[in-house]
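Participant: upload-v8.cif is the file, holding mmCIF, C-alpha atoms:
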data_protein
loop_
_atom_site.label_atom_id
_atom_site.label_comp_id
_atom_site.auth_asym_id
_atom_site.auth_seq_id
_atom_site.Cartn_x
_atom_site.Cartn_y
_atom_site.Cartn_z
CA MET A 1 146.01 -162.60 49.10
CA ILE A 2 145.82 -166.33 48.69
CA ARG A 3 149.12 -167.18 46.99
CA ALA A 4 150.99 -169.23 49.58
CA VAL A 5 152.12 -172.79 48.89
CA LEU A 6 153.62 -174.38 51.96
CA LEU A 7 155.07 -177.84 52.27
CA SER A 8 154.91 -178.79 55.93
CA LEU A 9 155.75 -182.40 56.44
CA SER A 10 155.41 -182.84 60.18
CA LEU A 11 158.46 -185.07 60.08
CA LEU A 12 160.58 -183.00 57.71
CA ALA A 13 159.51 -179.37 58.01
CA SER A 14 162.14 -176.65 57.65
CA CYS A 15 161.69 -173.66 55.37
CA THR A 16 165.41 -172.92 55.44
CA ASP A 17 166.04 -176.16 53.54
CA VAL A 18 163.83 -175.21 50.57
CA PRO A 19 166.17 -174.17 47.73
CA LEU A 20 165.78 -170.53 46.66
CA ALA A 21 164.98 -171.55 43.06
CA THR A 22 162.12 -173.71 44.35
CA GLN A 23 160.84 -170.91 46.58
CA ALA A 24 160.80 -168.61 43.53
CA ALA A 25 159.07 -171.22 41.34
CA LEU A 26 156.43 -171.91 44.00
CA GLY A 27 155.87 -168.17 44.35
CA GLU A 28 154.89 -168.10 40.67
CA VAL A 29 152.28 -170.84 41.10
CA ASP A 30 148.69 -169.91 41.76
CA PRO A 31 147.47 -172.76 43.98
CA LEU A 32 143.90 -171.72 43.25
CA SER A 33 144.13 -172.28 39.50
CA ALA A 34 146.68 -175.10 39.36
CA ASP A 35 145.02 -178.46 38.71
CA PRO A 36 145.51 -180.55 41.87
CA ALA A 37 145.53 -183.71 39.74
CA GLY A 38 149.04 -182.65 38.71
CA PHE A 39 150.37 -182.22 42.26
CA VAL A 40 152.77 -185.03 43.20
CA LEU A 41 155.01 -185.13 46.26
CA PHE A 42 158.13 -187.31 46.06
CA LEU A 43 159.95 -188.35 49.25
CA SER A 44 163.18 -190.15 49.96
CA LEU A 45 163.34 -191.38 53.55
CA PRO A 46 166.32 -192.95 55.31
CA PRO A 47 166.32 -196.51 56.65
CA GLY A 48 164.30 -196.78 59.85
CA ILE A 49 161.86 -194.01 58.96
CA GLY A 50 158.44 -194.50 57.36
CA LEU A 51 155.17 -192.66 57.00
CA ARG A 52 152.04 -193.79 58.79
CA GLU A 53 149.66 -195.31 56.31
CA SER A 54 146.85 -192.93 55.30
CA SER A 55 148.47 -190.03 57.21
CA GLY A 56 149.18 -187.90 54.15
CA VAL A 57 146.85 -184.92 53.80
CA MET A 58 146.71 -181.83 51.62
CA THR A 59 144.95 -178.94 53.34
CA LEU A 60 143.47 -175.80 51.84
CA THR A 61 142.59 -173.08 54.31
CA ALA A 62 141.15 -169.77 53.18
CA GLU A 63 139.42 -166.93 54.92
CA ARG A 64 137.49 -163.88 53.83
CA SER A 65 137.68 -161.40 56.70
CA ASP A 66 134.76 -159.16 55.65
CA THR A 67 132.22 -162.01 55.86
CA GLU A 68 134.18 -164.31 58.17
CA ALA A 69 133.64 -167.06 55.60
CA ARG A 70 136.24 -169.82 55.91
CA ILE A 71 137.38 -172.93 54.07
CA ASP A 72 139.09 -175.69 56.04
CA GLY A 73 139.42 -178.46 53.47
CA SER A 74 141.42 -181.66 53.96
CA TYR A 75 142.10 -183.99 51.05
CA ARG A 76 143.64 -187.43 51.38
CA LEU A 77 146.98 -188.17 49.75
CA GLU A 78 147.52 -191.63 48.34
CA ALA A 79 150.75 -193.43 47.58
CA ILE A 80 151.30 -194.08 43.90
CA ALA A 81 154.08 -195.75 41.91
CA MET A 82 157.64 -195.00 42.90
CA GLY A 83 159.02 -191.69 41.70
CA PRO A 84 162.44 -190.80 40.35
CA GLU A 85 165.42 -192.40 42.07
CA GLY A 86 163.15 -194.73 44.05
CA MET A 87 161.39 -191.91 45.90
CA LEU A 88 157.93 -192.51 47.37
CA ALA A 89 155.26 -190.65 45.39
CA PHE A 90 151.95 -189.25 46.64
CA ARG A 91 149.02 -187.51 44.94
CA VAL A 92 145.64 -186.18 45.99
CA ALA A 93 143.22 -189.13 46.11
CA PRO A 94 141.03 -189.07 42.98
CA GLY A 95 137.88 -189.14 45.15
CA ASP A 96 138.91 -185.84 46.75
CA LEU A 97 139.86 -183.92 43.58
CA GLU A 98 136.41 -182.46 42.80
CA ARG A 99 135.96 -181.22 46.38
CA LEU A 100 139.44 -179.64 46.29
CA ARG A 101 138.69 -178.00 42.92
CA ALA A 102 135.40 -176.60 44.29
CA ASP A 103 137.21 -175.17 47.33
CA GLN A 104 139.89 -173.69 45.04
CA ALA A 105 137.18 -172.03 42.95
CA THR A 106 135.49 -170.54 46.02
CA ALA A 107 138.79 -169.21 47.39
CA ALA A 108 139.73 -167.84 43.94
CA ALA A 109 136.40 -165.99 43.77
CA TRP A 110 137.10 -164.42 47.17
CA GLU A 111 140.54 -163.34 46.00
CA THR A 112 139.07 -161.76 42.87
CA GLU A 113 136.31 -159.95 44.79
CA VAL A 114 138.32 -158.71 47.78
CA PRO A 115 142.02 -159.58 47.47
CA GLU A 116 143.04 -157.46 50.45
CA LEU A 117 140.51 -159.23 52.69
CA SER A 118 141.32 -162.79 51.56
CA SER A 119 144.08 -165.04 52.83
CA GLY A 120 144.93 -168.69 52.78
CA ALA A 121 147.44 -171.48 52.38
CA LEU A 122 147.82 -174.82 50.70
CA SER A 123 149.88 -177.32 52.69
CA ILE A 124 150.88 -180.97 52.71
CA SER A 125 151.50 -182.99 55.85
CA ALA A 126 152.22 -186.59 56.78
CA ALA A 127 153.01 -188.39 60.03
CA GLY A 128 156.42 -189.97 60.28
CA CYS A 129 157.15 -193.08 62.28
CA LEU A 130 159.94 -195.50 63.17
CA THR A 131 159.98 -198.79 61.25
CA GLY A 132 162.07 -200.64 63.81
CA ALA A 133 165.25 -200.65 61.71
CA PRO A 134 168.13 -198.57 63.04
CA VAL A 135 168.15 -194.97 61.87
CA PRO A 136 171.65 -193.95 60.76
CA GLU A 137 173.26 -191.09 62.72
CA ASP A 138 173.77 -189.23 59.42
CA ALA A 139 170.24 -189.96 58.09
CA ARG A 140 169.19 -187.62 55.29
CA VAL A 141 165.88 -186.87 53.58
CA SER A 142 164.90 -185.40 50.25
CA ALA A 143 161.58 -184.17 48.91
CA ARG A 144 160.52 -182.98 45.48
CA LEU A 145 157.22 -181.46 44.35
CA ARG A 146 155.62 -181.57 40.92
CA ILE A 147 152.89 -178.97 40.51
CA ALA A 148 151.72 -179.71 36.97
CA GLU A 149 151.08 -182.94 35.09
CA GLY A 150 154.18 -183.64 33.02
CA GLY A 151 155.96 -180.65 34.59
CA PRO A 152 159.35 -180.62 36.28
CA THR A 153 159.83 -181.78 39.84
CA LEU A 154 161.14 -179.06 42.11
CA PRO A 155 163.50 -179.87 44.98
CA VAL A 156 161.91 -178.95 48.30
CA LEU A 157 164.45 -180.68 50.55
CA ARG A 158 167.76 -181.74 49.08
CA ASP A 159 169.67 -184.37 51.06
CA ALA A 160 168.82 -182.58 54.32
CA PRO A 161 170.10 -183.99 57.64
CA LEU A 162 167.15 -185.57 59.46
CA ARG A 163 168.42 -184.76 62.94
CA ARG A 164 168.75 -181.05 62.08
CA LEU A 165 165.24 -181.00 60.60
CA LEU A 166 163.76 -182.59 63.69
CA GLY A 167 165.56 -180.10 65.93
CA GLU A 168 165.87 -182.75 68.64
CA GLU A 169 167.01 -186.29 69.24
CA MET A 170 165.40 -189.05 67.19
CA PRO A 171 162.16 -190.05 68.97
CA GLN A 172 162.37 -193.43 70.67
CA ASP A 173 158.84 -193.40 72.04
CA PRO A 174 157.05 -196.68 71.18
CA ALA A 175 154.06 -194.57 70.11
CA ALA A 176 156.21 -193.30 67.24
CA THR A 177 156.62 -196.86 65.94
CA CYS A 178 154.85 -197.60 62.68
CA ASP A 179 151.81 -199.85 62.97
CA ALA A 180 151.06 -199.71 59.25
CA THR A 181 153.56 -197.84 57.17
CA ILE A 182 154.75 -196.71 53.80
CA HIS A 183 158.53 -196.91 53.40
#
Here is the file; what I need is its structure written in the form of structure tokens.

Facilitator:
Amino acid sequence: MIRAVLLSLSLLASCTDVPLATQAALGEVDPLSADPAGFVLFLSLPPGIGLRESSGVMTLTAERSDTEARIDGSYRLEAIAMGPEGMLAFRVAPGDLERLRADQATAAAWETEVPELSSGALSISAAGCLTGAPVPEDARVSARLRIAEGGPTLPVLRDAPLRRLLGEEMPQDPAATCDATIH
């Protein structure tokens, strides 16, 4: 069944940091009927960390195993006005909303016709980078997700230690340095 909502920020991914209440709330959301115009991701990044400009993408993948039909849709995320507590805010680019809605409708039809033969996921990703400022040893990140226009924002990451999320030392590779960034 196509019911999975996954937030996978390549910089910040860690399912164990998603609060249980948020996991339960996201489990109640049908990503195939929710209006993507209401999806907003809010991020709080520590000093020294940014996001590569235009790197934010929402992806809808769906598959129907009996016909081998597949959807591999990517939809640009754009930065919008600052969110609560100075967090960065991102939404699906308006020019991509109709294509995302059409893909949602196709995947929803598959789920209605053959739920046991349909699968899929909705995910969000963005590329992190170093801004050149020092990154504090105790750097922390937070992320919130709003899934409906005017709805509540759900904590996805709450003041999570960046180093633990990365699972390794902070990258120092010059290729990880931001050329154009959002921070």

Participant: Compare A:Leu32, A:Leu130, A:Arg163, A:Gly38 by their minimum atom-to-atom distance to Val92 in chain A, counting all atoms listed in the file, and give me the closest one.

Facilitator: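 Selected residue with least distance to Val92 in chain A: A:Gly38.
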
Participant: Work out how far apart CA of Leu162 in chain A and CA of Arg140 in chain A are and give it in Å to one decimal.

Facilitator: 5.1 Å

Participant: When the PyMOL selection byres ((chain A and resi 115) around 12) is applied to the structure above, which residues does it catch, written out as a list in words?

Facilitator: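 Selected by the PyMOL selection byres ((chain A and resi 115) around 12) here: Met1, Ile2, Arg3, Ala62, Glu63, Arg64, Ser65, Asp66, Ala107, Ala108, Ala109, Trp110, Glu111, Thr112, Glu113, Val114, Glu116, Leu117, Ser118, Ser119 and Gly120 of chain A.
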
Participant: Since I can't run it myself right now, could you work out what the PyMOL selection byres ((chain A and resi 148-150) around 9) selects here and report it as a PyMOL selection string?

Facilitator: chain A and resi 34-40+146-147+151-153

Participant: Keeping only C-alpha atoms, take the residues you just selected and write them out as a compact mmCIF listing (two decimals), keeping the file's coordinate frame.

Facilitator:
# COMPACT_ATOMS: atom_id res chain seq x y z
CA ALA A 34 146.68 -175.10 39.36
CA ASP A 35 145.02 -178.46 38.71
CA PRO A 36 145.51 -180.55 41.87
CA ALA A 37 145.53 -183.71 39.74
CA GLY A 38 149.04 -182.65 38.71
CA PHE A 39 150.37 -182.22 42.26
CA VAL A 40 152.77 -185.03 43.20
CA ARG A 146 155.62 -181.57 40.92
CA ILE A 147 152.89 -178.97 40.51
CA GLY A 151 155.96 -180.65 34.59
CA PRO A 152 159.35 -180.62 36.28
CA THR A 153 159.83 -181.78 39.84

Participant: Could you tell me which residues the PyMOL selection byres ((chain A and resi 72) around 7) grabs in this file, written as a list in words?

Facilitator: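 With the PyMOL selection byres ((chain A and resi 72) around 7) on this model, the match is Leu60, Thr61, Ala62, Arg70, Ile71, Gly73 and Ser74 of chain A.
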
Participant: Can you spit out the residues from that selection as a PDB file, in the frame of the given file, using C-alpha atoms?

Facilitator:
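Final output, saved to result.pdb:
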ATOM      1  CA  LEU A  60     143.470-175.800  51.840  1.00  0.00           C
ATOM      2  CA  THR A  61     142.590-173.080  54.310  1.00  0.00           C
ATOM      3  CA  ALA A  62     141.150-169.770  53.180  1.00  0.00           C
ATOM      4  CA  ARG A  70     136.240-169.820  55.910  1.00  0.00           C
ATOM      5  CA  ILE A  71     137.380-172.930  54.070  1.00  0.00           C
ATOM      6  CA  GLY A  73     139.420-178.460  53.470  1.00  0.00           C
ATOM      7  CA  SER A  74     141.420-181.660  53.960  1.00  0.00           C
TER       8      SER A  74
END

Participant: What's the separation between CA of Phe42 in chain A and CA of Ile124 in chain A, in Å to one decimal place?

Facilitator: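 Going from CA of Phe42 in chain A over to CA of Ile124 in chain A covers 11.7 Å.
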
Participant: Point out the residue among A:Pro134, A:Arg144, A:Leu122, A:Asp30 with the least atom-to-atom distance to Glu85 in chain A, counting all atoms listed in the file.

Facilitator: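 Selected residue with least distance to Glu85 in chain A: A:Arg144.
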
Participant: Between CA of Ala139 in chain A and CA of Arg164 in chain A, what is the spacing in Å?

Facilitator: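 So the answer is 9.9 Å.
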
Participant: Grab all the atoms of range 107-114 of chain A that the file lists, wrap them in a box along x, y and z, add 6 Å per side, and give me centre plus edge lengths in Å (one decimal) as JSON.

Facilitator:
{"center_x": 138.4, "center_y": -164.0, "center_z": 45.3, "size_x": 16.2, "size_y": 22.5, "size_z": 16.9}

Participant: Residues at most 9 Å from Gly132 in chain A, counting all atoms listed in the file, excluding those fewer than 2 positions away in the same chain, as a ChimeraX atom specification?

Facilitator: /A:48-49,130,134-135,177-178

Participant: A:Cys129, A:Leu97, A:Val156, A:Leu165: which is nearest Glu53 in chain A, counting only C-alpha atoms?

Facilitator: A:Cys129

Participant: Using only C-alpha atoms, pick whichever of A:Ala121, A:Ala93, A:Ala143, A:Pro136 has the shortest atom-to-atom distance to Pro46 in chain A.

Facilitator: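 For Pro46 in chain A, the nearest of the given residues is A:Pro136.
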
Participant: Within 7 Å of Leu88 in chain A, counting all atoms listed in the file, which residues show up once you throw out same-chain ones fewer than 5 positions away? Write them as a list in words, please.

Facilitator: Phe42, Leu43, Ser44, Met82 and Gly83 of chain A

Participant: Could you check which of A:Met87, A:Val141, A:Leu41, A:Val57 is closest to Ser125 in chain A, using all atoms listed in the file?

Facilitator: A:Val57

Participant: Hey, what's within 9 Å of Ser33 in chain A if we count all atoms listed in the file and toss same-chain stuff fewer than 6 positions away? As a list in words, please?

Facilitator: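 The neighbour list is Arg101, Gln104, Ala105 and Ala108 of chain A.
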
Participant: Counting all atoms listed in the file, which of A:Leu145, A:Ala160, A:Ala133, A:Gly128 gets nearest to Gly50 in chain A?

Facilitator: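 Of A:Leu145, A:Ala160, A:Ala133, A:Gly128, the one nearest Gly50 in chain A is A:Gly128, counting all atoms listed in the file.
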